[in-house]
file data_38.cif (mmCIF, C-alpha atoms)
data_structure
#
loop_
_atom_site.group_PDB
_atom_site.id
_atom_site.type_symbol
_atom_site.label_atom_id
_atom_site.label_comp_id
_atom_site.auth_asym_id
_atom_site.auth_seq_id
_atom_site.Cartn_x
_atom_site.Cartn_y
_atom_site.Cartn_z
ATOM 1 C CA MET A 1454 155.317 -63.544 106.602
ATOM 2 C CA VAL A 1455 157.274 -62.664 103.471
ATOM 3 C CA LEU A 1456 157.015 -59.086 102.329
ATOM 4 C CA HIS A 1457 154.925 -58.963 99.186
ATOM 5 C CA GLU A 1458 157.550 -56.820 97.428
ATOM 6 C CA ASN A 1459 159.892 -59.827 97.430
ATOM 7 C CA LEU A 1460 157.423 -62.257 95.864
ATOM 8 C CA PRO A 1461 158.123 -63.077 92.187
ATOM 9 C CA ILE A 1462 154.371 -63.267 91.495
ATOM 10 C CA TYR A 1463 153.903 -59.776 92.944
ATOM 11 C CA LYS A 1464 156.772 -58.351 90.877
ATOM 12 C CA LYS A 1465 155.435 -59.873 87.651
ATOM 13 C CA ALA A 1466 151.847 -58.798 88.364
ATOM 14 C CA LEU A 1467 152.988 -55.254 89.103
ATOM 15 C CA ASP A 1468 155.038 -55.211 85.894
ATOM 16 C CA MET A 1469 151.982 -56.341 83.947
ATOM 17 C CA ALA A 1470 149.742 -53.717 85.574
ATOM 18 C CA VAL A 1471 152.247 -51.021 84.599
ATOM 19 C CA TYR A 1472 152.505 -52.509 81.102
ATOM 20 C CA PHE A 1473 148.723 -52.356 80.652
ATOM 21 C CA GLU A 1474 148.712 -48.733 81.824
ATOM 22 C CA LYS A 1475 151.268 -47.916 79.113
ATOM 23 C CA ILE A 1476 149.890 -50.036 76.290
ATOM 24 C CA VAL A 1477 146.294 -48.866 76.701
ATOM 25 C CA ARG A 1478 147.487 -45.316 75.941
ATOM 26 C CA ASN A 1479 148.047 -46.478 72.359
ATOM 27 C CA PHE A 1480 144.557 -47.930 71.944
ATOM 28 C CA SER A 1481 142.060 -46.002 69.865
ATOM 29 C CA ARG A 1482 139.750 -43.770 71.860
ATOM 30 C CA TYR A 1483 136.892 -46.247 71.592
ATOM 31 C CA HIS A 1484 138.983 -49.204 72.779
ATOM 32 C CA LYS A 1485 140.838 -47.171 75.390
ATOM 33 C CA TYR A 1486 137.674 -46.439 77.343
ATOM 34 C CA SER A 1487 136.042 -49.835 76.945
ATOM 35 C CA VAL A 1488 138.367 -52.832 76.822
ATOM 36 C CA GLY A 1489 141.372 -50.758 77.908
ATOM 37 C CA THR A 1490 139.708 -49.761 81.167
ATOM 38 C CA GLU A 1491 138.839 -53.388 81.855
ATOM 39 C CA LEU A 1492 142.445 -54.504 81.252
ATOM 40 C CA ARG A 1493 143.816 -51.796 83.513
ATOM 41 C CA ASN A 1494 141.340 -52.452 86.325
ATOM 42 C CA LEU A 1495 141.702 -56.243 86.283
ATOM 43 C CA SER A 1496 145.497 -56.090 86.270
ATOM 44 C CA LYS A 1497 145.483 -53.742 89.268
ATOM 45 C CA GLU A 1498 142.951 -55.936 91.069
ATOM 46 C CA ILE A 1499 145.249 -58.948 90.627
ATOM 47 C CA VAL A 1500 148.131 -57.073 92.266
ATOM 48 C CA ILE A 1501 145.902 -56.162 95.207
ATOM 49 C CA LEU A 1502 144.675 -59.754 95.558
ATOM 50 C CA ILE A 1503 148.283 -60.999 95.655
ATOM 51 C CA VAL A 1504 149.112 -58.597 98.473
ATOM 52 C CA ARG A 1505 145.945 -59.652 100.292
ATOM 53 C CA ALA A 1506 146.670 -63.376 99.836
ATOM 54 C CA ASN A 1507 150.176 -62.928 101.181
ATOM 55 C CA SER A 1508 148.907 -61.265 104.353
ATOM 56 C CA GLN A 1509 146.207 -63.885 105.060
ATOM 57 C CA LYS A 1510 146.761 -66.898 107.254
ATOM 58 C CA GLU A 1511 144.364 -68.882 105.057
ATOM 59 C CA LYS A 1512 145.602 -67.984 101.575
ATOM 60 C CA LEU A 1513 143.638 -70.440 99.441
ATOM 61 C CA PRO A 1514 140.415 -68.393 99.004
ATOM 62 C CA GLU A 1515 142.387 -65.373 97.778
ATOM 63 C CA LEU A 1516 144.553 -67.542 95.516
ATOM 64 C CA LEU A 1517 141.439 -68.980 93.902
ATOM 65 C CA LYS A 1518 140.146 -65.436 93.307
ATOM 66 C CA ILE A 1519 143.480 -64.611 91.657
ATOM 67 C CA ARG A 1520 143.058 -67.656 89.391
ATOM 68 C CA ASP A 1521 139.597 -66.454 88.359
ATOM 69 C CA ARG A 1522 140.752 -62.886 87.702
ATOM 70 C CA LEU A 1523 143.691 -64.131 85.632
ATOM 71 C CA GLU A 1524 141.290 -66.143 83.457
ATOM 72 C CA GLU A 1525 139.098 -63.054 83.038
ATOM 73 C CA LEU A 1526 142.141 -60.985 82.106
ATOM 74 C CA LYS A 1527 143.278 -63.586 79.582
ATOM 75 C CA ILE A 1528 139.835 -63.574 77.937
ATOM 76 C CA ARG A 1529 139.761 -59.774 77.776
ATOM 77 C CA VAL A 1530 143.239 -59.682 76.222
ATOM 78 C CA LYS A 1531 142.107 -62.188 73.588
ATOM 79 C CA ILE A 1532 139.036 -60.067 72.876
ATOM 80 C CA ALA A 1533 141.259 -56.990 72.577
ATOM 81 C CA LYS A 1534 143.361 -58.858 70.015
ATOM 82 C CA GLU A 1535 140.304 -59.909 68.023
ATOM 83 C CA ILE A 1536 138.933 -56.358 67.863
ATOM 84 C CA LYS A 1537 142.411 -55.121 66.915
ATOM 85 C CA ALA A 1538 142.864 -52.904 69.963
ATOM 86 C CA PHE A 1539 146.571 -53.807 70.167
ATOM 87 C CA ARG A 1540 148.784 -51.910 67.755
ATOM 88 C CA SER A 1541 150.962 -54.966 67.192
ATOM 89 C CA PHE A 1542 150.918 -58.700 67.688
ATOM 90 C CA ARG A 1543 153.987 -58.354 69.930
ATOM 91 C CA SER A 1544 151.958 -56.342 72.454
ATOM 92 C CA PHE A 1545 149.328 -59.051 72.564
ATOM 93 C CA GLU A 1546 151.953 -61.783 72.808
ATOM 94 C CA TYR A 1547 153.773 -60.059 75.680
ATOM 95 C CA SER A 1548 150.467 -59.625 77.517
ATOM 96 C CA ILE A 1549 149.444 -63.267 77.194
ATOM 97 C CA ARG A 1550 152.881 -64.567 78.153
ATOM 98 C CA GLY A 1551 152.901 -62.361 81.251
ATOM 99 C CA ILE A 1552 149.458 -63.547 82.317
ATOM 100 C CA VAL A 1553 150.434 -67.199 81.788
ATOM 101 C CA GLU A 1554 153.593 -66.714 83.852
ATOM 102 C CA ILE A 1555 151.594 -65.193 86.715
ATOM 103 C CA ALA A 1556 149.042 -68.022 86.444
ATOM 104 C CA LYS A 1557 151.794 -70.656 86.705
ATOM 105 C CA GLN A 1558 153.216 -68.978 89.789
ATOM 106 C CA ASN A 1559 149.732 -68.769 91.288
ATOM 107 C CA GLU A 1560 149.096 -72.471 90.619
ATOM 108 C CA GLY A 1561 152.343 -73.325 92.378
ATOM 109 C CA TRP A 1562 151.265 -71.220 95.337
ATOM 110 C CA ILE A 1563 147.870 -72.968 95.390
ATOM 111 C CA LYS A 1564 149.552 -76.392 95.391
ATOM 112 C CA SER A 1565 151.801 -75.373 98.276
ATOM 113 C CA GLN A 1566 148.699 -74.425 100.275
ATOM 114 C CA SER A 1567 146.839 -77.679 99.628
#

call {"tool": "encode", "arguments": {"input": "data_38.cif", "output": "structure tokens"}}
result
Amino acid sequence: MVLHENLPIYKKALDMAVYFEKIVRNFSRYHKYSVGTELRNLSKEIVILIVRANSQKEKLPELLKIRDRLEELKIRVKIAKEIKAFRSFRSFEYSIRGIVEIAKQNEGWIKSQS
């Protein structure tokens, strides 16, 4: 079993979870405690699911959960953009690109398990 700390998907997901922790600080109070909490919680859940998938013999069920959570996170980031929770477009863009990168890595992992 590969240590999860060495997995590129784990590193990127952890980076994104830390990024959401930092960026949500700049949200307005209203957005911080609504959509911001959802972004923070989902990003942390994805990191945990990656660790869990890596430790399982049968990884596919966890990888499919990761796929679902990534889609949820992407939708919530898009909603945050639409309600102008992000201070800049660059913050939104970085968030979406990070999620897409994690999703691509997850899809590759799913294919390797099939």

call {"tool": "axis_aligned_box", "arguments": {"input": "data_38.cif", "around": "range 1534-1547 of chain A", "padding_each_side": "3 Å", "output": "JSON"}}
result
{"center_x": 146.5, "center_y": -56.8, "center_z": 71.3, "size_x": 21.1, "size_y": 15.9, "size_z": 14.8}

call {"tool": "resolve_selection", "arguments": {"input": "data_38.cif", "expression": "the PyMOL selection byres ((chain A and resi 1558-1564) around 8)", "output": "ChimeraX atom specification"}}
result
/A:1462,1513,1516-1517,1519-1520,1554-1557,1565-1567

call {"tool": "resolve_selection", "arguments": {"input": "data_38.cif", "expression": "the PyMOL selection byres ((chain A and resi 1547) around 12)", "output": "ChimeraX atom specification"}}
result
/A:1468-1469,1472-1473,1476,1527,1530,1534,1539,1541-1546,1548-1554

call {"tool": "closest_residue", "arguments": {"input": "data_38.cif", "among": "A:Leu1460, A:Tyr1483, A:Gly1489, A:Leu1467", "to": "Ala1533 in chain A", "atoms": "only C-alpha atoms"}}
result
A:Gly1489

call {"tool": "resolve_selection", "arguments": {"input": "data_38.cif", "expression": "the PyMOL selection byres ((chain A and resi 1504) around 12)", "output": "PyMOL selection string"}}
result
chain A and resi 1454-1464+1466-1467+1497-1503+1505-1509+1512+1515-1516+1519

call {"tool": "write_last_selection", "arguments": {"input": "data_38.cif", "atoms": "C-alpha atoms", "output": "PDB file, keeping the file's coordinate frame"}}
result
ATOM      1  CA  MET A1454     155.317 -63.544 106.602  1.00  0.00           C
ATOM      2  CA  VAL A1455     157.274 -62.664 103.471  1.00  0.00           C
ATOM      3  CA  LEU A1456     157.015 -59.086 102.329  1.00  0.00           C
ATOM      4  CA  HIS A1457     154.925 -58.963  99.186  1.00  0.00           C
ATOM      5  CA  GLU A1458     157.550 -56.820  97.428  1.00  0.00           C
ATOM      6  CA  ASN A1459     159.892 -59.827  97.430  1.00  0.00           C
ATOM      7  CA  LEU A1460     157.423 -62.257  95.864  1.00  0.00           C
ATOM      8  CA  PRO A1461     158.123 -63.077  92.187  1.00  0.00           C
ATOM      9  CA  ILE A1462     154.371 -63.267  91.495  1.00  0.00           C
ATOM     10  CA  TYR A1463     153.903 -59.776  92.944  1.00  0.00           C
ATOM     11  CA  LYS A1464     156.772 -58.351  90.877  1.00  0.00           C
ATOM     12  CA  ALA A1466     151.847 -58.798  88.364  1.00  0.00           C
ATOM     13  CA  LEU A1467     152.988 -55.254  89.103  1.00  0.00           C
ATOM     14  CA  LYS A1497     145.483 -53.742  89.268  1.00  0.00           C
ATOM     15  CA  GLU A1498     142.951 -55.936  91.069  1.00  0.00           C
ATOM     16  CA  ILE A1499     145.249 -58.948  90.627  1.00  0.00           C
ATOM     17  CA  VAL A1500     148.131 -57.073  92.266  1.00  0.00           C
ATOM     18  CA  ILE A1501     145.902 -56.162  95.207  1.00  0.00           C
ATOM     19  CA  LEU A1502     144.675 -59.754  95.558  1.00  0.00           C
ATOM     20  CA  ILE A1503     148.283 -60.999  95.655  1.00  0.00           C
ATOM     21  CA  ARG A1505     145.945 -59.652 100.292  1.00  0.00           C
ATOM     22  CA  ALA A1506     146.670 -63.376  99.836  1.00  0.00           C
ATOM     23  CA  ASN A1507     150.176 -62.928 101.181  1.00  0.00           C
ATOM     24  CA  SER A1508     148.907 -61.265 104.353  1.00  0.00           C
ATOM     25  CA  GLN A1509     146.207 -63.885 105.060  1.00  0.00           C
ATOM     26  CA  LYS A1512     145.602 -67.984 101.575  1.00  0.00           C
ATOM     27  CA  GLU A1515     142.387 -65.373  97.778  1.00  0.00           C
ATOM     28  CA  LEU A1516     144.553 -67.542  95.516  1.00  0.00           C
ATOM     29  CA  ILE A1519     143.480 -64.611  91.657  1.00  0.00           C
TER      30      ILE A1519
END

call {"tool": "closest_residue", "arguments": {"input": "data_38.cif", "among": "A:Glu1474, A:Asp1521, A:Glu1511, A:Glu1535", "to": "Glu1491 in chain A", "atoms": "all atoms listed in the file"}}
result
A:Glu1474

call {"tool": "atom_distance", "arguments": {"input": "data_38.cif", "atom1": "CA of Tyr1486 in chain A", "atom2": "CA of Lys1465 in chain A"}}
result
24.5 Å
